[in-house]
file model14.txt (compact mmCIF, C-alpha atoms)
# COMPACT_ATOMS: atom_id res chain seq x y z
CA MET R 131 0.00 0.00 0.00
CA ALA R 132 1.43 3.35 -1.05
CA ASN R 133 2.31 5.83 1.70
CA SER R 134 0.19 8.96 1.80
CA LYS R 135 -0.97 11.53 4.30
CA TYR R 136 -4.29 9.64 4.48
CA GLU R 137 -2.78 6.39 5.67
CA TYR R 138 -3.32 7.33 9.32
CA VAL R 139 -6.96 6.19 9.00
CA ARG R 140 -5.75 2.59 9.22
CA HIS R 141 -5.20 3.13 12.95
CA PHE R 142 -8.95 3.34 13.45
CA GLU R 143 -9.28 -0.36 12.60
CA SER R 144 -9.91 -2.44 15.70
CA ASP R 145 -7.89 -5.57 16.45
CA ASP R 146 -10.29 -8.49 16.16
CA SER R 147 -7.74 -11.30 16.30
CA LEU R 148 -9.18 -14.48 17.78
CA LEU R 149 -7.50 -16.07 20.79
CA PRO R 150 -4.37 -18.04 19.86
CA ASN R 151 -4.05 -21.79 20.48
CA THR R 152 -7.82 -22.33 20.53
CA TRP R 153 -10.23 -24.11 18.23
CA ILE R 154 -12.15 -21.62 16.10
CA VAL R 155 -15.74 -22.48 15.23
CA VAL R 156 -17.54 -20.39 12.62
CA ARG R 157 -21.28 -20.98 12.51
CA ILE R 158 -23.47 -19.58 9.77
CA ASP R 159 -27.26 -19.41 10.06
CA GLY R 160 -29.85 -18.72 7.40
CA LYS R 161 -31.60 -15.38 7.92
CA GLY R 162 -35.39 -15.59 7.64
CA PHE R 163 -35.29 -19.17 6.34
CA HIS R 164 -38.76 -19.97 7.64
CA LYS R 165 -40.16 -17.48 5.13
CA PHE R 166 -37.58 -18.52 2.52
CA SER R 167 -38.58 -22.19 2.77
CA GLN R 168 -42.27 -21.31 2.47
CA LYS R 169 -41.75 -19.09 -0.57
CA HIS R 170 -39.78 -21.83 -2.32
CA GLY R 171 -42.11 -24.67 -1.36
CA PHE R 172 -39.74 -26.80 0.71
CA ASP R 173 -41.10 -30.25 1.52
CA LYS R 174 -42.23 -30.86 5.11
CA PRO R 175 -40.89 -31.93 7.51
CA ASN R 176 -37.60 -32.13 5.60
CA ASP R 177 -36.54 -31.29 2.06
CA ARG R 178 -33.71 -33.44 0.71
CA ARG R 179 -32.97 -30.93 -2.06
CA ALA R 180 -32.39 -28.15 0.46
CA ILE R 181 -30.11 -30.26 2.66
CA ASP R 182 -28.14 -31.53 -0.34
CA LEU R 183 -27.64 -27.92 -1.43
CA MET R 184 -26.41 -26.93 2.05
CA ASN R 185 -23.99 -29.87 2.03
CA HIS R 186 -22.78 -28.91 -1.44
CA CYS R 187 -22.01 -25.41 -0.21
CA ALA R 188 -20.19 -26.71 2.86
CA LYS R 189 -17.97 -28.88 0.67
CA LYS R 190 -17.20 -25.87 -1.50
CA VAL R 191 -16.18 -23.87 1.56
CA MET R 192 -13.86 -26.68 2.68
CA SER R 193 -12.42 -26.94 -0.83
CA GLU R 194 -11.61 -23.22 -0.79
CA ILE R 195 -10.39 -23.02 2.83
CA TYR R 196 -8.14 -25.97 3.54
CA ASP R 197 -7.59 -24.98 7.17
CA ILE R 198 -11.06 -26.28 8.09
CA VAL R 199 -10.80 -29.79 9.57
CA VAL R 200 -14.47 -30.67 10.06
CA ALA R 201 -17.88 -29.13 9.41
CA TYR R 202 -21.31 -29.98 10.76
CA GLY R 203 -24.70 -28.90 9.39
CA GLN R 204 -28.39 -29.31 10.01
CA SER R 205 -31.47 -27.40 8.85
CA ASP R 206 -30.31 -23.91 7.76
CA GLU R 207 -27.05 -23.79 9.73
CA TYR R 208 -23.48 -24.98 9.26
CA SER R 209 -20.49 -24.95 11.61
CA PHE R 210 -16.88 -24.95 10.39
CA VAL R 211 -14.07 -25.95 12.74
CA PHE R 212 -10.54 -24.54 12.43
CA PRO R 213 -7.68 -26.13 14.41
CA LYS R 214 -5.74 -24.53 17.23
CA SER R 215 -2.74 -24.13 14.93
CA CYS R 216 -4.69 -22.14 12.35
CA ASN R 217 -3.18 -18.77 11.42
CA LEU R 218 -5.46 -17.97 8.49
CA TYR R 219 -5.64 -14.18 8.03
CA SER R 220 -3.66 -13.90 11.27
CA ARG R 221 -6.82 -15.24 12.96
CA ARG R 222 -8.70 -12.00 12.27
CA ALA R 223 -12.38 -12.72 12.96
CA SER R 224 -13.76 -10.29 10.38
CA LYS R 225 -11.67 -11.83 7.59
CA ILE R 226 -12.46 -15.45 8.47
CA LEU R 227 -16.18 -14.81 9.01
CA SER R 228 -16.63 -12.85 5.79
CA MET R 229 -14.77 -15.45 3.72
CA VAL R 230 -16.72 -18.43 5.05
CA CYS R 231 -20.08 -16.67 4.80
CA SER R 232 -19.50 -15.22 1.33
CA ILE R 233 -18.23 -18.49 -0.19
CA PHE R 234 -21.19 -20.37 1.27
CA SER R 235 -23.78 -17.78 0.21
CA ALA R 236 -22.39 -17.40 -3.32
CA ASN R 237 -22.38 -21.15 -3.90
CA TYR R 238 -25.94 -21.45 -2.54
CA VAL R 239 -27.13 -19.09 -5.27
CA MET R 240 -24.87 -20.45 -8.01
CA ALA R 241 -25.83 -24.10 -7.39
CA TRP R 242 -29.56 -23.60 -6.73
CA SER R 243 -30.63 -24.85 -10.16
CA GLN R 244 -28.63 -28.07 -9.69
CA PHE R 245 -30.95 -29.08 -6.86
CA PHE R 246 -34.26 -27.30 -7.51
CA ASP R 247 -36.40 -27.19 -10.65
CA GLU R 248 -38.18 -24.09 -9.37
CA PRO R 249 -36.42 -20.75 -9.89
CA LEU R 250 -34.74 -18.92 -7.04
CA LEU R 251 -37.15 -16.09 -6.22
CA TYR R 252 -34.73 -14.00 -4.19
CA ALA R 253 -31.23 -14.34 -2.80
CA PRO R 254 -30.89 -15.92 0.65
CA SER R 255 -28.67 -14.42 3.30
CA PHE R 256 -26.70 -15.88 6.20
CA ASP R 257 -25.30 -14.41 9.39
CA SER R 258 -22.13 -15.72 11.01
CA ARG R 259 -20.28 -15.76 14.29
CA ALA R 260 -16.94 -17.06 15.55
CA VAL R 261 -16.33 -18.70 18.92
CA CYS R 262 -13.04 -19.94 20.38
CA TYR R 263 -12.86 -23.17 22.37
CA PRO R 264 -9.71 -23.84 24.42
CA SER R 265 -9.82 -27.65 24.67
CA ASP R 266 -10.55 -30.59 22.41
CA GLN R 267 -13.41 -31.57 24.71
CA ASN R 268 -14.92 -28.08 24.49
CA MET R 269 -14.92 -28.28 20.70
CA ARG R 270 -16.40 -31.79 20.73
CA ASP R 271 -19.06 -30.67 23.20
CA TYR R 272 -19.98 -27.84 20.84
CA LEU R 273 -20.52 -30.29 17.96
CA SER R 274 -22.42 -32.63 20.31
CA TRP R 275 -24.68 -29.70 21.25
CA ARG R 276 -25.48 -29.02 17.60
CA GLN R 277 -26.20 -32.70 16.88
CA ALA R 278 -28.40 -33.00 19.97
CA ASP R 279 -30.24 -29.89 18.76
CA CYS R 280 -30.68 -31.58 15.36
CA HIS R 281 -32.34 -34.59 17.00
CA ILE R 282 -34.62 -32.50 19.22
CA ASN R 283 -35.78 -30.27 16.37
CA ASN R 284 -36.23 -33.11 13.90
CA LEU R 285 -38.23 -35.24 16.32
CA TYR R 286 -40.55 -32.30 16.96
CA ASN R 287 -40.89 -31.36 13.28
CA THR R 288 -41.44 -34.97 12.19
CA THR R 289 -44.22 -35.41 14.74
CA PHE R 290 -45.72 -31.99 14.04
CA TRP R 291 -45.97 -32.47 10.28
CA ASN R 292 -47.31 -36.01 10.60
CA ILE R 293 -50.10 -34.61 12.76
CA VAL R 294 -50.80 -31.91 10.16
CA LEU R 295 -50.29 -33.80 6.89
CA LYS R 296 -51.55 -37.25 7.90
CA GLY R 297 -53.71 -36.44 10.89
CA GLY R 298 -55.60 -33.62 9.23
CA LYS R 299 -54.99 -31.17 12.10
CA THR R 300 -54.30 -27.49 11.66
CA GLU R 301 -50.85 -26.18 12.61
CA THR R 302 -52.34 -24.53 15.68
CA GLU R 303 -53.98 -27.80 16.72
CA ALA R 304 -50.71 -29.69 16.19
CA GLU R 305 -48.87 -27.20 18.39
CA ALA R 306 -51.47 -27.77 21.12
CA VAL R 307 -51.07 -31.55 20.89
CA LEU R 308 -47.30 -31.30 21.33
CA ARG R 309 -47.23 -28.59 23.97
CA GLY R 310 -45.43 -29.89 27.04
CA SER R 311 -44.66 -33.27 25.46
CA PHE R 312 -41.43 -35.21 25.98
CA SER R 313 -39.39 -37.25 23.49
CA LYS R 314 -41.09 -40.49 24.54
CA ASP R 315 -44.48 -38.88 23.92
CA LYS R 316 -43.54 -37.84 20.40
CA ASN R 317 -42.12 -41.27 19.64
CA GLU R 318 -45.36 -42.83 20.89
CA ILE R 319 -47.49 -40.53 18.71
CA LEU R 320 -45.42 -41.32 15.63
CA PHE R 321 -45.48 -45.07 16.17
CA THR R 322 -49.04 -45.67 17.37
CA GLU R 323 -50.86 -43.11 15.23
CA TYR R 324 -48.76 -42.91 12.07
CA ASN R 325 -46.79 -46.18 12.04
CA VAL R 326 -43.49 -44.29 12.01
CA ASN R 327 -40.50 -45.71 13.88
CA TYR R 328 -38.36 -42.64 14.47
CA ASN R 329 -35.17 -44.68 14.80
CA GLU R 330 -35.66 -45.96 11.24
CA ILE R 331 -35.86 -42.48 9.71
CA ASP R 332 -32.84 -41.71 7.51
CA ALA R 333 -29.79 -40.72 9.55
CA ILE R 334 -29.39 -37.52 7.53
CA TRP R 335 -32.43 -36.14 9.39
CA ARG R 336 -31.67 -37.60 12.83
CA LYS R 337 -27.89 -37.04 12.85
CA GLY R 338 -27.36 -34.12 10.49
CA SER R 339 -24.37 -33.91 8.13
CA THR R 340 -20.70 -34.04 9.03
CA VAL R 341 -18.09 -33.13 6.41
CA ILE R 342 -14.50 -34.35 6.71
CA ARG R 343 -11.70 -34.96 4.22
CA LEU R 344 -11.32 -38.60 3.25
CA PRO R 345 -8.89 -40.11 0.73
CA GLN R 346 -10.36 -40.74 -2.72
CA GLU R 347 -8.83 -41.65 -6.06
CA VAL R 348 -9.23 -38.85 -8.60
CA GLN R 349 -8.29 -38.55 -12.27
CA THR R 350 -5.98 -35.66 -13.11
CA VAL R 351 -3.83 -34.67 -16.08
CA SER R 352 -0.07 -34.74 -15.57
CA SER R 353 1.47 -31.31 -16.16
CA ARG R 354 4.67 -33.03 -17.28
CA THR R 355 3.34 -35.62 -19.75
CA GLY R 356 -0.20 -34.40 -20.43
CA GLU R 357 -1.49 -37.90 -19.72
CA SER R 358 -4.33 -38.87 -17.40
CA VAL R 359 -3.10 -40.16 -14.05
CA THR R 360 -4.80 -41.44 -10.91
CA ARG R 361 -3.93 -39.76 -7.65
CA THR R 362 -5.20 -40.05 -4.10
CA LYS R 363 -6.49 -36.81 -2.63
CA ARG R 364 -8.37 -35.93 0.53
CA ILE R 365 -11.80 -34.81 -0.65
CA PRO R 366 -14.52 -33.18 1.51
CA THR R 367 -16.98 -36.02 2.12
CA VAL R 368 -20.42 -35.92 3.75
CA LEU R 369 -21.21 -38.42 6.51
CA HIS R 370 -24.33 -38.87 8.63
CA ASP R 371 -22.75 -40.39 11.72
CA ASP R 372 -23.09 -40.09 15.47
CA ILE R 373 -20.44 -37.54 16.47
CA ILE R 374 -21.42 -37.44 20.14
CA GLY R 375 -20.00 -40.88 20.97
CA GLN R 376 -16.31 -41.79 21.08
CA ALA R 377 -16.43 -44.22 18.14
CA PHE R 378 -16.46 -41.47 15.49
CA TRP R 379 -13.35 -39.80 16.93
CA ASP R 380 -11.56 -43.13 17.28
CA LEU R 381 -12.29 -43.87 13.62
CA TYR R 382 -11.00 -40.46 12.44
CA PRO R 383 -8.27 -39.52 14.97
CA PHE R 384 -6.61 -37.13 12.50
CA LEU R 385 -9.41 -34.62 13.14
CA LEU R 386 -7.83 -33.78 16.51
CA GLU R 387 -4.21 -33.96 15.41
CA LYS R 388 -3.74 -30.65 13.58
call {"tool": "encode", "arguments": {"input": "model14.txt", "output": "C-alpha cells"}}
result
Amino acid sequence: MANSKYEYVRHFESDDSLLPNTWIVVRIDGKGFHKFSQKHGFDKPNDRRAIDLMNHCAKKVMSEIYDIVVAYGQSDEYSFVFPKSCNLYSRRASKILSMVCSIFSANYVMAWSQFFDEPLLYAPSFDSRAVCYPSDQNMRDYLSWRQADCHINNLYNTTFWNIVLKGGKTETEAEAVLRGSFSKDKNEILFTEYNVNYNEIDAIWRKGSTVIRLPQEVQTVSSRTGESVTRTKRIPTVLHDDIIGQAFWDLYPFLLEK
C-alpha cells in the first residue's frame, strides 16, 4: 500500500484477532429461512434438495479453505471448525467470518438450479459468528450440542408435520397436541398413530451432516506428460454419523491432530 498523508486512518481499525491456540468455530445461520422455505415450497418436515444444497455449499467452503478440519450442518445452519494451529488471516475474525459466509452464500445461489427445478425467487442471506474453544473436549461438546439440537428439532418437526399432513390437524392444533410433550411422547405418537419408527428415519435427518476430508482416487492430467493419471487426494466427504460418541473420533483420529 502506497504511503500517503491519508494512511493514518488505518489506525482506526480495531484488532479483532481471535485467541491463539484455541479451536475456532464459525457458525453460519440462514436469515429468515422460515419465510424462505415457504416461498420456495420446501417439503415438510424435511426437504432433501435443500439439505443436499447446504452440504454442497459446505464442501465448496472446505475446498476453498483448507484450514477447516471438520464441518457440521443441520437445517439452515453450518459450523466450520478450524484447528488450534490455524493462522489464516492472522486469525482475524472479520476476515475469516466474511470469507466463510460469502463463499457459502455465493455457492448457494450459483448451485440452486442443480438441486431445484423451481427458480430462485430472491437471494438468501446468512449471518455468522466465531467462537473460540480452548480444549478438544470443548470443541467436541460444541458439535455434540449441535447434533443434539438436530435430533430434538427433527423429532418435533417430524411429529408436528405427521399430525398436520396425515392427521388432518391445523398447525395450531398440532402445536397444542405437542405442547409440554417429551421425546417419549412424540415417539409414541409417531409409532401408534402414524406407524413411524423414528429410529428408522434416515440418519441424515436424525444425525445431520458431518463433512471431513477422506482419501479418494481422482483422475488428473499430468502437467509433465499431459497424460491422465490417478492420484489419491483428501476430498470433503459428507457423513451422517453419530459424532457425540467416542467411536467417530476413534475412527477419524486425525481430526484432533492438527
call {"tool": "closest_residue", "arguments": {"input": "model14.txt", "among": "R:Ala253, R:Val191, R:Ala236, R:Leu183", "to": "Ile365 of chain R", "atoms": "only C-alpha atoms"}}
result
R:Val191
call {"tool": "closest_atom_pairs", "arguments": {"input": "model14.txt", "of": "segment 197-250 of chain R", "to": "segment 138-145 of chain R", "cutoff": "12 Å", "atoms": "all atoms listed in the file", "output": "CSV"}}
result
residue,atom,partner,partner_atom,distance
R:Ser220,CA,R:Asp145,CA,10.7
R:Arg221,CA,R:Asp145,CA,10.3
R:Arg222,CA,R:Asp145,CA,7.7
R:Ala223,CA,R:Asp145,CA,9.1
R:Ser224,CA,R:Asp145,CA,9.7
R:Lys225,CA,R:Asp145,CA,11.5
call {"tool": "atom_distance", "arguments": {"input": "model14.txt", "atom1": "atom CA of Asp257 of chain R", "atom2": "atom CA of Met184 of chain R"}}
result
14.6 Å
call {"tool": "residues_around", "arguments": {"input": "model14.txt", "residues": "Asn176 of chain R", "least_positions_apart": "3", "cutoff": "9 Å", "atoms": "only C-alpha atoms", "output": "list in words"}}
result
Phe172, Asp173, Ala180, Ile181, Ser205, Asn284, Asn287, Thr288 and Trp335 of chain R
call {"tool": "residues_around", "arguments": {"input": "model14.txt", "residues": "Asp182 of chain R", "least_positions_apart": "4", "cutoff": "8 Å", "atoms": "all atoms listed in the file", "output": "ChimeraX atom specification"}}
result
/R:178,186,245
call {"tool": "write_last_selection", "arguments": {"input": "model14.txt", "atoms": "C-alpha atoms", "output": "PDB file, keeping the file's coordinate frame"}}
result
ATOM      1  CA  ARG R 178     -33.710 -33.440   0.710  1.00  0.00           C
ATOM      2  CA  HIS R 186     -22.780 -28.910  -1.440  1.00  0.00           C
ATOM      3  CA  PHE R 245     -30.950 -29.080  -6.860  1.00  0.00           C
TER       4      PHE R 245
END
call {"tool": "closest_residue", "arguments": {"input": "model14.txt", "among": "R:Leu251, R:Ala278, R:Leu148, R:Ile342", "to": "Lys169 of chain R", "atoms": "only C-alpha atoms"}}
result
R:Leu251
call {"tool": "closest_residue", "arguments": {"input": "model14.txt", "among": "R:Asp380, R:Asp279, R:Asp371, R:Glu137", "to": "Asp332 of chain R", "atoms": "only C-alpha atoms"}}
result
R:Asp371
call {"tool": "atom_distance", "arguments": {"input": "model14.txt", "atom1": "atom CA of Gly171 of chain R", "atom2": "atom CA of Ile319 of chain R"}}
result
26.1 Å
call {"tool": "closest_residue", "arguments": {"input": "model14.txt", "among": "R:Leu218, R:Val351, R:Val200, R:Ile282", "to": "Tyr382 of chain R", "atoms": "only C-alpha atoms"}}
result
R:Val200
call {"tool": "atom_distance", "arguments": {"input": "model14.txt", "atom1": "atom CA of Ser215 of chain R", "atom2": "atom CA of Asn151 of chain R"}}
result
6.2 Å
call {"tool": "residues_around", "arguments": {"input": "model14.txt", "residues": "Cys280 of chain R", "least_positions_apart": "6", "cutoff": "9 Å", "atoms": "all atoms listed in the file", "output": "PyMOL selection string"}}
result
chain R and resi 203-205+335-338
call {"tool": "residues_around", "arguments": {"input": "model14.txt", "residues": "Leu273 of chain R", "least_positions_apart": "2", "cutoff": "8 Å", "atoms": "only C-alpha atoms", "output": "CSV table (one decimal) with C-alpha atoms, in the coordinates of the input"}}
result
chain,number,residue,atom,x,y,z
R,202,TYR,CA,-21.3,-30.0,10.8
R,269,MET,CA,-14.9,-28.3,20.7
R,270,ARG,CA,-16.4,-31.8,20.7
R,271,ASP,CA,-19.1,-30.7,23.2
R,275,TRP,CA,-24.7,-29.7,21.2
R,276,ARG,CA,-25.5,-29.0,17.6
R,277,GLN,CA,-26.2,-32.7,16.9
R,373,ILE,CA,-20.4,-37.5,16.5
R,374,ILE,CA,-21.4,-37.4,20.1
call {"tool": "closest_residue", "arguments": {"input": "model14.txt", "among": "R:Ile154, R:Asn327, R:Gly162, R:Val341", "to": "Arg259 of chain R", "atoms": "all atoms listed in the file"}}
result
R:Ile154
call {"tool": "closest_residue", "arguments": {"input": "model14.txt", "among": "R:Lys189, R:Arg157, R:Arg343, R:Lys316", "to": "Ile226 of chain R", "atoms": "all atoms listed in the file"}}
result
R:Arg157
call {"tool": "decode", "arguments": {"input": "model14.txt", "residues": "segment 315-328 of chain R", "atoms": "all heavy atoms", "output": "mmCIF file, in the first residue's frame"}}
result
data_model
loop_
_atom_site.group_PDB
_atom_site.id
_atom_site.type_symbol
_atom_site.label_atom_id
_atom_site.label_comp_id
_atom_site.auth_asym_id
_atom_site.auth_seq_id
_atom_site.Cartn_x
_atom_site.Cartn_y
_atom_site.Cartn_z
ATOM 1 N N ASP R 315 -43.115 -39.153 24.374
ATOM 2 C CA ASP R 315 -44.485 -38.880 23.919
ATOM 3 C C ASP R 315 -44.538 -38.736 22.400
ATOM 4 O O ASP R 315 -45.443 -39.269 21.745
ATOM 5 C CB ASP R 315 -45.021 -37.603 24.574
ATOM 6 C CG ASP R 315 -44.998 -37.670 26.091
ATOM 7 O OD1 ASP R 315 -45.337 -38.737 26.630
ATOM 8 O OD2 ASP R 315 -44.625 -36.665 26.718
ATOM 9 N N LYS R 316 -43.565 -38.037 21.853
ATOM 10 C CA LYS R 316 -43.536 -37.836 20.401
ATOM 11 C C LYS R 316 -43.282 -39.158 19.687
ATOM 12 O O LYS R 316 -43.902 -39.449 18.656
ATOM 13 C CB LYS R 316 -42.470 -36.804 20.037
ATOM 14 C CG LYS R 316 -42.715 -35.416 20.624
ATOM 15 C CD LYS R 316 -41.617 -34.457 20.207
ATOM 16 C CE LYS R 316 -41.801 -33.093 20.851
ATOM 17 N NZ LYS R 316 -41.499 -33.095 22.294
ATOM 18 N N ASN R 317 -42.368 -39.954 20.232
ATOM 19 C CA ASN R 317 -42.120 -41.274 19.641
ATOM 20 C C ASN R 317 -43.378 -42.134 19.668
ATOM 21 O O ASN R 317 -43.667 -42.865 18.717
ATOM 22 C CB ASN R 317 -40.977 -41.973 20.388
ATOM 23 C CG ASN R 317 -39.611 -41.564 19.887
ATOM 24 O OD1 ASN R 317 -39.231 -41.839 18.758
ATOM 25 N ND2 ASN R 317 -38.861 -40.878 20.737
ATOM 26 N N GLU R 318 -44.124 -42.051 20.756
ATOM 27 C CA GLU R 318 -45.361 -42.828 20.894
ATOM 28 C C GLU R 318 -46.405 -42.383 19.881
ATOM 29 O O GLU R 318 -47.084 -43.212 19.251
ATOM 30 C CB GLU R 318 -45.905 -42.678 22.319
ATOM 31 C CG GLU R 318 -47.154 -43.498 22.611
ATOM 32 C CD GLU R 318 -46.887 -44.988 22.677
ATOM 33 O OE1 GLU R 318 -45.700 -45.379 22.776
ATOM 34 O OE2 GLU R 318 -47.856 -45.772 22.615
ATOM 35 N N ILE R 319 -46.542 -41.066 19.697
ATOM 36 C CA ILE R 319 -47.495 -40.534 18.712
ATOM 37 C C ILE R 319 -47.136 -41.019 17.312
ATOM 38 O O ILE R 319 -47.992 -41.485 16.550
ATOM 39 C CB ILE R 319 -47.525 -38.997 18.761
ATOM 40 C CG1 ILE R 319 -48.154 -38.514 20.074
ATOM 41 C CG2 ILE R 319 -48.301 -38.432 17.567
ATOM 42 C CD1 ILE R 319 -48.034 -37.015 20.288
ATOM 43 N N LEU R 320 -45.858 -40.914 16.961
ATOM 44 C CA LEU R 320 -45.419 -41.321 15.628
ATOM 45 C C LEU R 320 -45.687 -42.801 15.376
ATOM 46 O O LEU R 320 -46.168 -43.185 14.294
ATOM 47 C CB LEU R 320 -43.922 -41.032 15.460
ATOM 48 C CG LEU R 320 -43.515 -39.576 15.275
ATOM 49 C CD1 LEU R 320 -41.995 -39.428 15.304
ATOM 50 C CD2 LEU R 320 -44.056 -39.023 13.956
ATOM 51 N N PHE R 321 -45.383 -43.632 16.375
ATOM 52 C CA PHE R 321 -45.483 -45.075 16.166
ATOM 53 C C PHE R 321 -46.927 -45.568 16.201
ATOM 54 O O PHE R 321 -47.354 -46.343 15.335
ATOM 55 C CB PHE R 321 -44.648 -45.822 17.210
ATOM 56 C CG PHE R 321 -44.517 -47.287 16.937
ATOM 57 C CD1 PHE R 321 -43.696 -47.744 15.917
ATOM 58 C CD2 PHE R 321 -45.230 -48.219 17.686
ATOM 59 C CE1 PHE R 321 -43.578 -49.100 15.649
ATOM 60 C CE2 PHE R 321 -45.131 -49.566 17.429
ATOM 61 C CZ PHE R 321 -44.295 -50.014 16.409
ATOM 62 N N THR R 322 -47.685 -45.134 17.191
ATOM 63 C CA THR R 322 -49.040 -45.672 17.371
ATOM 64 C C THR R 322 -50.051 -45.055 16.414
ATOM 65 O O THR R 322 -50.982 -45.734 15.966
ATOM 66 C CB THR R 322 -49.524 -45.455 18.818
ATOM 67 O OG1 THR R 322 -49.518 -44.055 19.121
ATOM 68 C CG2 THR R 322 -48.638 -46.202 19.796
ATOM 69 N N GLU R 323 -49.864 -43.787 16.064
ATOM 70 C CA GLU R 323 -50.856 -43.111 15.235
ATOM 71 C C GLU R 323 -50.476 -43.048 13.760
ATOM 72 O O GLU R 323 -51.359 -42.995 12.893
ATOM 73 C CB GLU R 323 -51.101 -41.694 15.766
ATOM 74 C CG GLU R 323 -51.683 -41.674 17.180
ATOM 75 C CD GLU R 323 -52.050 -40.269 17.637
ATOM 76 O OE1 GLU R 323 -52.329 -39.422 16.763
ATOM 77 O OE2 GLU R 323 -52.065 -40.021 18.858
ATOM 78 N N TYR R 324 -49.172 -43.080 13.468
ATOM 79 C CA TYR R 324 -48.758 -42.911 12.068
ATOM 80 C C TYR R 324 -47.816 -44.005 11.578
ATOM 81 O O TYR R 324 -47.273 -43.907 10.484
ATOM 82 C CB TYR R 324 -48.111 -41.524 11.889
ATOM 83 C CG TYR R 324 -49.037 -40.415 12.349
ATOM 84 C CD1 TYR R 324 -48.810 -39.744 13.549
ATOM 85 C CD2 TYR R 324 -50.178 -40.082 11.608
ATOM 86 C CE1 TYR R 324 -49.676 -38.751 13.987
ATOM 87 C CE2 TYR R 324 -51.041 -39.088 12.040
ATOM 88 C CZ TYR R 324 -50.790 -38.438 13.228
ATOM 89 O OH TYR R 324 -51.660 -37.459 13.669
ATOM 90 N N ASN R 325 -47.615 -45.027 12.417
ATOM 91 C CA ASN R 325 -46.791 -46.177 12.044
ATOM 92 C C ASN R 325 -45.390 -45.757 11.609
ATOM 93 O O ASN R 325 -44.828 -46.290 10.651
ATOM 94 C CB ASN R 325 -47.471 -46.983 10.926
ATOM 95 C CG ASN R 325 -46.878 -48.376 10.782
ATOM 96 O OD1 ASN R 325 -46.435 -48.978 11.776
ATOM 97 N ND2 ASN R 325 -46.855 -48.896 9.566
ATOM 98 N N VAL R 326 -44.832 -44.791 12.309
ATOM 99 C CA VAL R 326 -43.491 -44.295 12.011
ATOM 100 C C VAL R 326 -42.565 -44.639 13.175
ATOM 101 O O VAL R 326 -42.805 -44.218 14.311
ATOM 102 C CB VAL R 326 -43.487 -42.763 11.787
ATOM 103 C CG1 VAL R 326 -42.053 -42.255 11.617
ATOM 104 C CG2 VAL R 326 -44.343 -42.401 10.586
ATOM 105 N N ASN R 327 -41.535 -45.423 12.894
ATOM 106 C CA ASN R 327 -40.499 -45.713 13.884
ATOM 107 C C ASN R 327 -39.402 -44.675 13.690
ATOM 108 O O ASN R 327 -38.664 -44.715 12.712
ATOM 109 C CB ASN R 327 -39.950 -47.121 13.692
ATOM 110 C CG ASN R 327 -38.959 -47.503 14.778
ATOM 111 O OD1 ASN R 327 -38.325 -46.654 15.390
ATOM 112 N ND2 ASN R 327 -38.817 -48.804 15.017
ATOM 113 N N TYR R 328 -39.299 -43.759 14.634
ATOM 114 C CA TYR R 328 -38.359 -42.638 14.466
ATOM 115 C C TYR R 328 -36.924 -43.110 14.259
ATOM 116 O O TYR R 328 -36.174 -42.516 13.487
ATOM 117 C CB TYR R 328 -38.427 -41.698 15.674
ATOM 118 C CG TYR R 328 -37.533 -40.492 15.535
ATOM 119 C CD1 TYR R 328 -37.894 -39.418 14.721
ATOM 120 C CD2 TYR R 328 -36.293 -40.427 16.187
ATOM 121 C CE1 TYR R 328 -37.069 -38.327 14.567
ATOM 122 C CE2 TYR R 328 -35.461 -39.333 16.039
ATOM 123 C CZ TYR R 328 -35.852 -38.285 15.224
ATOM 124 O OH TYR R 328 -35.030 -37.198 15.068
#
